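Chemist: Next up, input.tsv (TSV, C-alpha atoms and all ligand atoms).
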chain	number	residue	atom	x	y	z
A	1	MET	CA	26.40	-15.08	33.21
A	2	SER	CA	24.00	-14.44	30.38
A	3	SER	CA	25.34	-14.35	26.88
A	4	PRO	CA	26.53	-10.87	26.00
A	5	ILE	CA	26.58	-11.75	22.31
A	6	LEU	CA	22.87	-12.31	21.69
A	7	PRO	CA	21.05	-9.00	21.45
A	8	LYS	CA	17.89	-8.69	23.47
A	9	PRO	CA	14.76	-8.63	21.32
A	10	PRO	CA	14.13	-4.89	21.12
A	11	PHE	CA	10.40	-5.10	20.90
A	12	GLY	CA	10.06	-7.52	23.77
A	13	GLU	CA	8.08	-10.70	24.13
A	14	SER	CA	5.14	-9.07	25.87
A	15	LEU	CA	4.77	-6.54	23.11
A	16	VAL	CA	4.80	-9.22	20.44
A	17	SER	CA	2.19	-11.21	22.36
A	18	ASN	CA	0.12	-8.07	22.91
A	19	LEU	CA	0.37	-7.51	19.18
A	20	GLN	CA	-0.89	-11.00	18.47
A	21	ILE	CA	-4.03	-10.41	20.52
A	22	ARG	CA	-4.68	-7.21	18.55
A	23	ASP	CA	-4.20	-4.88	21.50
A	24	PRO	CA	-5.03	-1.56	19.78
A	25	LEU	CA	-2.42	0.52	21.60
A	26	THR	CA	0.33	-1.99	20.83
A	27	VAL	CA	-0.73	-2.19	17.18
A	28	ALA	CA	-0.74	1.61	16.92
A	29	ARG	CA	2.70	1.90	18.53
A	30	ALA	CA	4.12	-0.79	16.26
A	31	ILE	CA	2.83	1.01	13.17
A	32	THR	CA	4.29	4.28	14.41
A	33	ARG	CA	7.60	2.48	14.78
A	34	VAL	CA	7.62	1.13	11.22
A	35	GLU	CA	6.45	4.51	9.93
A	36	ARG	CA	9.45	6.23	11.52
A	37	GLY	CA	11.83	3.79	9.92
A	38	GLY	CA	15.42	3.29	11.00
A	39	VAL	CA	16.97	0.54	13.08
A	40	ALA	CA	14.02	0.13	15.48
A	41	ALA	CA	11.63	-0.34	12.58
A	42	ARG	CA	13.86	-2.93	10.96
A	43	GLU	CA	14.28	-4.88	14.16
A	44	LEU	CA	10.53	-4.93	14.64
A	45	VAL	CA	9.94	-6.19	11.10
A	46	ARG	CA	12.57	-8.88	11.60
A	47	GLU	CA	10.80	-10.09	14.73
A	48	ILE	CA	7.28	-10.15	13.36
A	49	PHE	CA	8.02	-11.30	9.81
A	50	PRO	CA	7.72	-15.05	10.58
A	51	LEU	CA	4.23	-14.35	11.96
A	52	THR	CA	3.00	-12.83	8.70
A	53	GLY	CA	1.68	-14.11	5.38
A	54	ARG	CA	-1.86	-15.02	6.33
A	55	ALA	CA	-3.87	-11.82	5.97
A	56	ASP	CA	-5.83	-10.93	2.86
A	57	LEU	CA	-4.75	-7.52	1.56
A	58	ILE	CA	-7.51	-5.68	-0.25
A	59	GLY	CA	-6.50	-2.49	-2.08
A	60	VAL	CA	-9.18	0.12	-2.74
A	61	THR	CA	-8.28	2.87	-5.16
A	62	GLY	CA	-10.03	5.44	-7.33
A	63	ALA	CA	-10.23	9.13	-8.06
A	64	PRO	CA	-10.67	11.60	-5.18
A	65	GLY	CA	-14.22	11.72	-3.85
A	66	THR	CA	-15.47	8.51	-5.46
A	67	GLY	CA	-16.45	7.27	-2.00
A	68	LYS	CA	-13.49	5.06	-1.09
A	69	SER	CA	-13.53	5.84	2.63
A	70	THR	CA	-17.27	5.43	2.90
A	71	LEU	CA	-17.15	2.16	1.01
A	72	VAL	CA	-14.19	0.84	3.01
A	73	ASN	CA	-16.16	1.53	6.20
A	74	ALA	CA	-19.22	-0.25	4.82
A	75	MET	CA	-17.06	-3.20	3.76
A	76	ALA	CA	-15.41	-3.33	7.18
A	77	LYS	CA	-18.85	-3.48	8.82
A	78	GLU	CA	-19.96	-6.28	6.51
A	79	LEU	CA	-16.75	-8.26	7.05
A	80	HIS	CA	-17.05	-7.76	10.80
A	81	ALA	CA	-20.63	-9.07	10.64
A	82	ARG	CA	-19.20	-12.14	8.89
A	83	GLY	CA	-16.87	-12.74	11.81
A	84	LYS	CA	-13.65	-11.36	10.34
A	85	HIS	CA	-11.09	-9.26	12.18
A	86	VAL	CA	-10.63	-6.23	9.98
A	87	ALA	CA	-8.07	-3.43	9.82
A	88	ILE	CA	-8.09	-0.32	7.63
A	89	LEU	CA	-5.03	1.53	6.36
A	90	ALA	CA	-5.97	4.80	4.73
A	91	VAL	CA	-3.20	6.36	2.69
A	92	ASP	CA	-3.75	10.07	2.63
A	93	PRO	CA	-1.01	12.00	0.90
A	94	SER	CA	-2.56	15.35	1.78
A	95	SER	CA	-2.92	14.93	5.52
A	96	PRO	CA	0.38	16.45	6.72
A	97	PHE	CA	-0.86	19.76	5.37
A	98	THR	CA	-4.56	19.64	6.11
A	99	GLY	CA	-4.82	17.38	9.14
A	100	GLY	CA	-7.59	15.72	7.18
A	101	ALA	CA	-6.45	12.22	7.97
A	102	ILE	CA	-6.87	12.68	11.70
A	103	LEU	CA	-10.32	14.20	11.29
A	104	GLY	CA	-11.24	11.38	8.93
A	105	ASP	CA	-10.04	8.82	11.47
A	106	ARG	CA	-12.23	10.32	14.18
A	107	LEU	CA	-15.34	10.24	12.02
A	108	ARG	CA	-14.64	6.70	10.97
A	109	MET	CA	-13.97	5.53	14.49
A	110	GLN	CA	-17.38	6.79	15.56
A	111	ASP	CA	-18.93	4.93	12.69
A	112	LEU	CA	-17.15	1.67	13.49
A	113	GLN	CA	-17.27	1.95	17.27
A	114	GLY	CA	-17.52	-1.34	19.08
A	115	THR	CA	-16.61	-3.41	16.03
A	116	GLY	CA	-12.95	-3.86	16.90
A	117	VAL	CA	-12.05	-2.63	13.41
A	118	PHE	CA	-8.61	-1.04	13.60
A	119	ILE	CA	-8.17	2.17	11.61
A	120	ARG	CA	-4.99	3.98	10.79
A	121	SER	CA	-4.17	6.78	8.37
A	122	MET	CA	-0.73	7.03	6.88
A	123	ALA	CA	0.77	9.96	5.10
A	124	SER	CA	3.98	10.51	3.24
A	125	ARG	CA	6.45	12.29	5.45
A	126	GLY	CA	9.33	11.74	3.14
A	127	GLN	CA	10.56	8.63	4.90
A	128	LEU	CA	13.42	6.69	3.36
A	129	GLY	CA	11.99	4.18	0.94
A	130	GLY	CA	8.79	6.16	0.58
A	131	LEU	CA	5.21	5.74	1.48
A	132	ALA	CA	4.76	2.42	-0.27
A	133	ALA	CA	7.42	0.83	1.96
A	134	ALA	CA	5.86	2.28	5.12
A	135	VAL	CA	2.42	1.04	4.10
A	136	SER	CA	3.63	-2.46	3.32
A	137	ASP	CA	5.45	-2.60	6.68
A	138	ALA	CA	2.29	-1.41	8.43
A	139	ALA	CA	0.41	-4.18	6.64
A	140	LEU	CA	2.99	-6.64	8.02
A	141	VAL	CA	2.27	-5.36	11.53
A	142	LEU	CA	-1.47	-5.85	11.03
A	143	ASP	CA	-0.88	-9.29	9.54
A	144	ALA	CA	1.24	-10.28	12.55
A	145	ALA	CA	-1.53	-8.87	14.75
A	146	ASN	CA	-3.88	-11.51	13.34
A	147	PHE	CA	-6.12	-9.21	11.36
A	148	GLU	CA	-7.53	-11.48	8.67
A	149	THR	CA	-8.53	-8.75	6.25
A	150	ILE	CA	-6.59	-5.55	5.69
A	151	LEU	CA	-8.31	-2.88	3.62
A	152	ILE	CA	-5.91	-0.35	2.12
A	153	GLU	CA	-7.43	2.86	0.76
A	154	THR	CA	-5.32	4.92	-1.64
A	155	VAL	CA	-6.22	7.81	-3.89
A	156	GLY	CA	-5.58	6.59	-7.41
A	157	ALA	CA	-3.74	9.71	-8.36
A	158	GLY	CA	-0.02	9.03	-8.45
A	159	GLN	CA	2.13	6.09	-9.36
A	160	GLY	CA	3.06	5.52	-5.73
A	161	GLU	CA	-0.56	5.08	-4.74
A	162	VAL	CA	-1.22	2.80	-7.67
A	163	ASP	CA	1.81	0.74	-6.62
A	164	ILE	CA	0.34	0.30	-3.17
A	165	ALA	CA	-2.94	-0.93	-4.58
A	166	ARG	CA	-1.25	-3.17	-7.09
A	167	TYR	CA	0.52	-5.22	-4.47
A	168	ALA	CA	-2.66	-6.13	-2.65
A	169	HIS	CA	-4.03	-9.61	-3.20
A	170	THR	CA	-7.26	-8.14	-4.52
A	171	THR	CA	-7.53	-4.64	-5.95
A	172	LEU	CA	-10.79	-2.72	-6.21
A	173	VAL	CA	-11.03	0.25	-8.53
A	174	LEU	CA	-13.83	2.70	-7.79
A	175	GLU	CA	-15.63	4.88	-10.26
A	176	ALA	CA	-18.54	7.19	-9.61
A	177	PRO	CA	-21.06	8.50	-12.12
A	178	GLY	CA	-20.70	12.09	-13.20
A	179	LEU	CA	-17.18	12.46	-11.88
A	180	GLY	CA	-15.43	13.66	-14.97
A	181	ASP	CA	-14.76	11.61	-18.03
A	182	ASP	CA	-14.88	7.83	-17.65
A	183	ILE	CA	-12.70	7.37	-20.68
A	184	GLN	CA	-10.09	9.50	-18.95
A	185	ALA	CA	-9.87	7.07	-16.07
A	186	ILE	CA	-9.68	4.17	-18.48
A	187	LYS	CA	-6.85	5.86	-20.34
A	188	ALA	CA	-4.94	6.43	-17.14
A	189	GLY	CA	-4.39	2.68	-17.02
A	190	ILE	CA	-5.81	2.31	-13.56
A	191	LEU	CA	-8.36	-0.19	-14.78
A	192	GLU	CA	-5.58	-2.59	-15.67
A	193	ILE	CA	-4.85	-3.17	-12.02
A	194	ALA	CA	-8.49	-3.88	-11.10
A	195	ASP	CA	-9.64	-7.29	-9.93
A	196	VAL	CA	-13.07	-5.90	-9.09
A	197	LEU	CA	-14.61	-2.76	-10.61
A	198	VAL	CA	-17.04	-0.80	-8.49
A	199	VAL	CA	-19.42	1.91	-9.60
A	200	ASN	CA	-20.16	3.63	-6.31
A	201	LYS	CA	-22.84	6.30	-5.80
A	202	ALA	CA	-25.18	4.07	-7.76
A	203	ASP	CA	-28.02	6.15	-6.32
A	204	ARG	CA	-27.01	8.86	-8.77
A	205	ASP	CA	-27.90	9.31	-12.42
A	206	GLY	CA	-25.51	7.78	-14.87
A	207	ALA	CA	-24.43	4.78	-12.80
A	208	ASN	CA	-25.66	2.34	-15.42
A	209	ALA	CA	-23.86	4.24	-18.17
A	210	THR	CA	-20.63	4.19	-16.17
A	211	ALA	CA	-21.00	0.46	-15.54
A	212	ALA	CA	-21.68	-0.12	-19.25
A	213	ALA	CA	-18.58	1.91	-20.19
A	214	LEU	CA	-16.48	-0.23	-17.89
A	215	GLU	CA	-17.94	-3.46	-19.29
A	216	MET	CA	-17.22	-2.22	-22.78
A	217	ASN	CA	-13.65	-1.48	-21.86
A	218	LEU	CA	-13.24	-4.99	-20.45
A	219	ASN	CA	-14.55	-6.38	-23.73
A	220	LEU	CA	-11.96	-4.36	-25.63
A	221	ASN	CA	-9.18	-5.88	-23.55
A	222	PRO	CA	-10.45	-9.42	-23.10
A	223	ASP	CA	-7.24	-11.22	-22.29
A	224	ARG	CA	-5.81	-9.37	-19.37
A	225	THR	CA	-5.93	-12.49	-17.23
A	226	ALA	CA	-8.25	-15.43	-17.05
A	227	TRP	CA	-10.04	-13.59	-14.26
A	228	ARG	CA	-12.59	-11.18	-15.65
A	229	PRO	CA	-13.16	-8.38	-13.17
A	230	PRO	CA	-16.83	-8.15	-12.26
A	231	VAL	CA	-18.43	-4.71	-12.47
A	232	LEU	CA	-20.56	-4.05	-9.38
A	233	LYS	CA	-22.74	-1.15	-8.31
A	234	THR	CA	-22.78	0.07	-4.72
A	235	VAL	CA	-24.28	2.82	-2.60
A	236	ALA	CA	-21.64	3.08	0.10
A	237	LEU	CA	-23.77	5.51	2.12
A	238	THR	CA	-26.54	2.95	2.66
A	239	GLY	CA	-24.57	-0.26	2.25
A	240	LYS	CA	-26.53	-1.29	-0.84
A	241	GLY	CA	-24.52	-3.75	-2.93
A	242	VAL	CA	-21.84	-4.14	-0.27
A	243	PRO	CA	-22.61	-7.81	0.59
A	244	GLU	CA	-22.34	-8.63	-3.13
A	245	LEU	CA	-19.04	-6.75	-3.26
A	246	VAL	CA	-17.67	-8.68	-0.30
A	247	ASP	CA	-18.78	-11.89	-2.03
A	248	ALA	CA	-16.98	-10.85	-5.22
A	249	ILE	CA	-13.80	-10.22	-3.25
A	250	ALA	CA	-14.13	-13.66	-1.64
A	251	SER	CA	-14.54	-15.19	-5.11
A	252	HIS	CA	-11.37	-13.48	-6.29
A	253	GLN	CA	-9.51	-14.64	-3.20
A	254	SER	CA	-10.53	-18.25	-3.80
A	255	TYR	CA	-9.67	-17.88	-7.49
A	256	ILE	CA	-6.11	-16.81	-6.70
A	257	ARG	CA	-5.77	-19.57	-4.12
A	258	GLN	CA	-7.10	-22.24	-6.49
A	259	HIS	CA	-4.74	-21.15	-9.25
A	260	ASP	CA	-1.82	-20.83	-6.88
A	261	LEU	CA	-1.44	-17.15	-7.75
A	262	ARG	CA	-0.95	-15.94	-4.23
A	263	ARG	CA	2.67	-17.04	-4.17
A	264	ALA	CA	3.29	-15.34	-7.51
A	265	GLN	CA	1.74	-12.16	-6.16
A	266	GLU	CA	3.91	-12.30	-3.07
A	267	THR	CA	7.00	-12.90	-5.17
A	268	ALA	CA	6.19	-9.85	-7.30
A	269	ARG	CA	5.53	-7.77	-4.20
A	270	PHE	CA	8.73	-8.76	-2.41
A	271	ARG	CA	10.85	-8.47	-5.55
A	272	ASN	CA	9.65	-4.91	-5.94
A	273	LYS	CA	10.23	-4.18	-2.29
A	274	LEU	CA	13.72	-5.68	-2.32
A	275	HIS	CA	14.68	-3.71	-5.42
A	276	GLU	CA	13.31	-0.46	-3.97
A	277	LEU	CA	15.16	-1.07	-0.75
A	278	LEU	CA	18.44	-1.80	-2.51
A	279	LYS	CA	18.07	1.29	-4.69
A	280	THR	CA	17.57	3.45	-1.63
A	281	GLU	CA	20.44	1.85	0.29
A	282	LEU	CA	22.88	1.95	-2.59
A	283	LEU	CA	22.12	5.60	-3.27
A	284	GLN	CA	22.54	6.43	0.40
A	285	ASN	CA	25.84	4.53	0.46
A	286	LEU	CA	27.11	6.54	-2.47
A	287	LEU	CA	25.90	9.83	-1.02
A	288	ASP	CA	27.66	9.06	2.25
A	289	ARG	CA	30.85	7.97	0.54
A	290	TYR	CA	31.83	11.33	-0.88
A	291	PRO	CA	32.03	14.70	0.88
A	292	ASP	CA	29.56	17.43	-0.10
A	293	SER	CA	32.31	19.36	-1.82
A	294	ARG	CA	32.89	16.45	-4.16
A	295	TRP	CA	29.22	16.27	-5.09
A	296	ASP	CA	29.19	20.05	-5.62
A	297	ALA	CA	32.16	19.77	-7.94
A	298	TRP	CA	30.49	17.05	-10.00
A	299	LEU	CA	27.26	18.99	-10.23
A	300	HIS	CA	29.20	22.09	-11.22
A	301	GLU	CA	30.87	20.18	-14.04
A	302	ILE	CA	27.45	19.08	-15.28
A	303	THR	CA	25.79	22.50	-15.11
A	304	GLU	CA	28.84	24.02	-16.83
A	305	ARG	CA	28.38	21.45	-19.59
A	306	LYS	CA	31.89	20.13	-19.07
A	307	ARG	CA	30.73	16.55	-18.68
A	308	ASP	CA	27.28	14.94	-18.92
A	309	VAL	CA	25.35	13.08	-16.20
A	310	TYR	CA	26.07	9.64	-17.64
A	311	THR	CA	29.82	10.21	-17.62
A	312	ILE	CA	29.72	11.55	-14.08
A	313	ALA	CA	27.49	8.70	-12.87
A	314	ASN	CA	29.93	6.25	-14.39
A	315	GLU	CA	32.81	7.88	-12.57
A	316	ILE	CA	30.91	7.85	-9.27
A	317	LEU	CA	30.17	4.15	-9.62
A	318	ARG	CA	33.66	3.22	-10.78
A	319	ASN	CA	35.36	5.22	-8.04
A	320	LYS	CA	33.20	3.88	-5.31
A	321	ASN	CA	35.84	1.62	-3.82
A	322	ASN	CA	38.64	4.15	-3.66
A	323	ALA	CA	36.97	7.45	-2.96
A	401	LIG	N1	-24.77	9.87	-3.08
A	401	LIG	C1	-23.78	9.17	-2.60
A	401	LIG	N2	-22.76	9.79	-1.96
A	401	LIG	C2	-21.75	9.04	-1.50
A	401	LIG	C3	-21.72	7.64	-1.63
A	401	LIG	N3	-20.59	7.18	-1.08
A	401	LIG	C4	-19.93	8.24	-0.61
A	401	LIG	N4	-20.62	9.38	-0.85
A	401	LIG	C5	-20.25	10.76	-0.49
A	401	LIG	O1	-19.19	11.18	-1.31
A	401	LIG	C6	-18.31	12.04	-0.59
A	401	LIG	C7	-16.89	11.52	-0.66
A	401	LIG	O2	-16.84	10.28	0.03
A	401	LIG	P1	-15.49	9.68	0.61
A	401	LIG	O3	-15.81	8.33	1.13
A	401	LIG	O4	-14.82	10.62	1.52
A	401	LIG	O5	-14.67	9.58	-0.74
A	401	LIG	P2	-13.11	9.21	-0.92
A	401	LIG	O6	-13.01	8.55	-2.24
A	401	LIG	O7	-12.63	8.46	0.26
A	401	LIG	O8	-12.47	10.64	-0.97
A	401	LIG	P3	-10.89	10.99	-0.85
A	401	LIG	O9	-10.30	10.09	0.21
A	401	LIG	O10	-10.87	12.42	-0.47
A	401	LIG	O11	-10.32	10.74	-2.21
A	401	LIG	C8	-18.83	12.11	0.82
A	401	LIG	O12	-19.59	13.27	0.95
A	401	LIG	C9	-19.71	10.87	0.93
A	401	LIG	O13	-20.75	11.02	1.85
A	401	LIG	C10	-22.83	7.01	-2.29
A	401	LIG	O14	-22.89	5.80	-2.47
A	401	LIG	N5	-23.81	7.82	-2.75
A	402	MG	MG	-11.00	8.85	1.56
Any chance you could give the structure as structure tokens?
Ligand SMILES: Nc1nc2c(ncn2[C@@H]2O[C@H](COP(=O)(O)OP(=O)(O)OP(=O)(O)O)[C@@H](O)[C@H]2O)c(=O)[nH]1
Ligand SMILES: [Mg+2]

Modeler:
Amino acid sequence: MSSPILPKPPFGESLVSNLQIRDPLTVARAITRVERGGVAARELVREIFPLTGRADLIGVTGAPGTGKSTLVNAMAKELHARGKHVAILAVDPSSPFTGGAILGDRLRMQDLQGTGVFIRSMASRGQLGGLAAAVSDAALVLDAANFETILIETVGAGQGEVDIARYAHTTLVLEAPGLGDDIQAIKAGILEIADVLVVNKADRDGANATAAALEMNLNLNPDRTAWRPPVLKTVALTGKGVPELVDAIASHQSYIRQHDLRRAQETARFRNKLHELLKTELLQNLLDRYPDSRWDAWLHEITERKRDVYTIANEILRNKNNA
């Protein structure tokens, strides 16, 4: 009799081995599973986690329309030409409403046909733990699937997107000439997360001025880290400057390896993820612990100014064992 105690691996050995040979359908299904969350997603992550930790995660962020998707495609082509297995995760917060992500995927797939580059768009559908968690789990899937380089495109608009970029091993921040006020972008603090600064659309007027503004900003904040982000100009549409960009990324990757920073990055990433997960779980535990009527009563007390939120929160936490 087989042991009834040991649960059967839910994802199955053949699926894990299909994943490891980068079978596109298996990879897509596995990402869908982590995107949906829940028990099946967690079991999948548990199974593949020991297979992960090797891929280079490259975050690409910047204002809307700076050319992130075009550049990511051009980078994928260049990396493919250098013999790398490449995957692209495009985080598109707007797609559930516009369907833009799917259209974008189709265009990109045509462009990258025959390269074996895997492309997937992800959009926030309000999953527990948020988009950042879903994206990092999708990156785990791609890592387990032996993609050596994972390019993650996010619009540098909200904190969530910035968080996604920040936890990559190398983060690119894109600017484009004539797209609003450069100083605005600098103020927004997005430059602080950059390991490589890219002025895309360098075929347009003002690219040199934008690059100079970025260099000046770096000079104003000299001691961010010992790594000084290079400022590079690209024309994503033609591929001009892309080999140099891929070289700069490789330099940053060897810098972080030489200085043993990769482990520190991973620690920061997993600490954040663990804390986010615990926050979500603890909140859910508390929400489940009391009936709706109890929550309504507390909220009523607050809106009636009988007791403030801190007092109520305290009561909720203190009562949690004998509700
Ligand atoms: N002139 C010029 N146009 C470019 C260049 N790179 C991209 N574009 C164009 O800029 C527009 C936006 O490019 P995308 O790659 O979609 O930009 P994005 O940053 O991904 O945009 P969102 O994902 O919507 O934020 C497209 O029309 C591109 O063809 C470039 O180097 N030069
Ligand atoms: Mg895009």

Chemist: If we count only C-alpha atoms, what is near range 66-72 of chain A at a cut-off of 9 Å, once residues fewer than 3 positions away on the same chain are taken out, given as JSON, numbers by chain?

Modeler: {"A": [60, 61, 62, 63, 75, 76, 77, 88, 90, 104, 108, 151, 152, 153, 154, 155, 174, 175, 176, 177, 179, 199, 200, 201, 234, 235, 236, 237, 239, 242]}

Chemist: What would the file look like if the residues just selected were written as a compact mmCIF listing (two decimals), in the coordinates of the input with C-alpha atoms?

Modeler:
# COMPACT_ATOMS: atom_id res chain seq x y z
CA VAL A 60 -9.18 0.12 -2.74
CA THR A 61 -8.28 2.87 -5.16
CA GLY A 62 -10.03 5.44 -7.33
CA ALA A 63 -10.23 9.13 -8.06
CA MET A 75 -17.06 -3.20 3.76
CA ALA A 76 -15.41 -3.33 7.18
CA LYS A 77 -18.85 -3.48 8.82
CA ILE A 88 -8.09 -0.32 7.63
CA ALA A 90 -5.97 4.80 4.73
CA GLY A 104 -11.24 11.38 8.93
CA ARG A 108 -14.64 6.70 10.97
CA LEU A 151 -8.31 -2.88 3.62
CA ILE A 152 -5.91 -0.35 2.12
CA GLU A 153 -7.43 2.86 0.76
CA THR A 154 -5.32 4.92 -1.64
CA VAL A 155 -6.22 7.81 -3.89
CA LEU A 174 -13.83 2.70 -7.79
CA GLU A 175 -15.63 4.88 -10.26
CA ALA A 176 -18.54 7.19 -9.61
CA PRO A 177 -21.06 8.50 -12.12
CA LEU A 179 -17.18 12.46 -11.88
CA VAL A 199 -19.42 1.91 -9.60
CA ASN A 200 -20.16 3.63 -6.31
CA LYS A 201 -22.84 6.30 -5.80
CA THR A 234 -22.78 0.07 -4.72
CA VAL A 235 -24.28 2.82 -2.60
CA ALA A 236 -21.64 3.08 0.10
CA LEU A 237 -23.77 5.51 2.12
CA GLY A 239 -24.57 -0.26 2.25
CA VAL A 242 -21.84 -4.14 -0.27

Chemist: Please provide the set of residues having any atom within 8 Å of range 19-33 of chain A, restricted to only C-alpha atoms, with same-chain residues fewer than 3 positions apart removed, written as a PyMOL selection string.

Modeler: chain A and resi 15-16+36-37+40-41+44+118+120+137-138+141-142+144-147

Chemist: To one decimal in Å, tell me the separation between atom O3 of ligand LIG 401 (chain A) and CA of Ala74 in chain A.

Modeler: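 Taking atom O3 of ligand LIG 401 (chain A) as the start and CA of Ala74 in chain A as the end point, the length is 9.9 Å.
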
Chemist: CA of Asn221 in chain A to CA of Val196 in chain A: how many Å, to one decimal?

Modeler: 15.0 Å

Chemist: Considering all atoms listed in the file, state which residue in the set A:Val173, A:Ile58, A:Ala264, A:Ala123 is at the smallest distance from Ile249 in chain A.

Modeler: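 Closest residue, counting all atoms listed in the file: A:Ile58.
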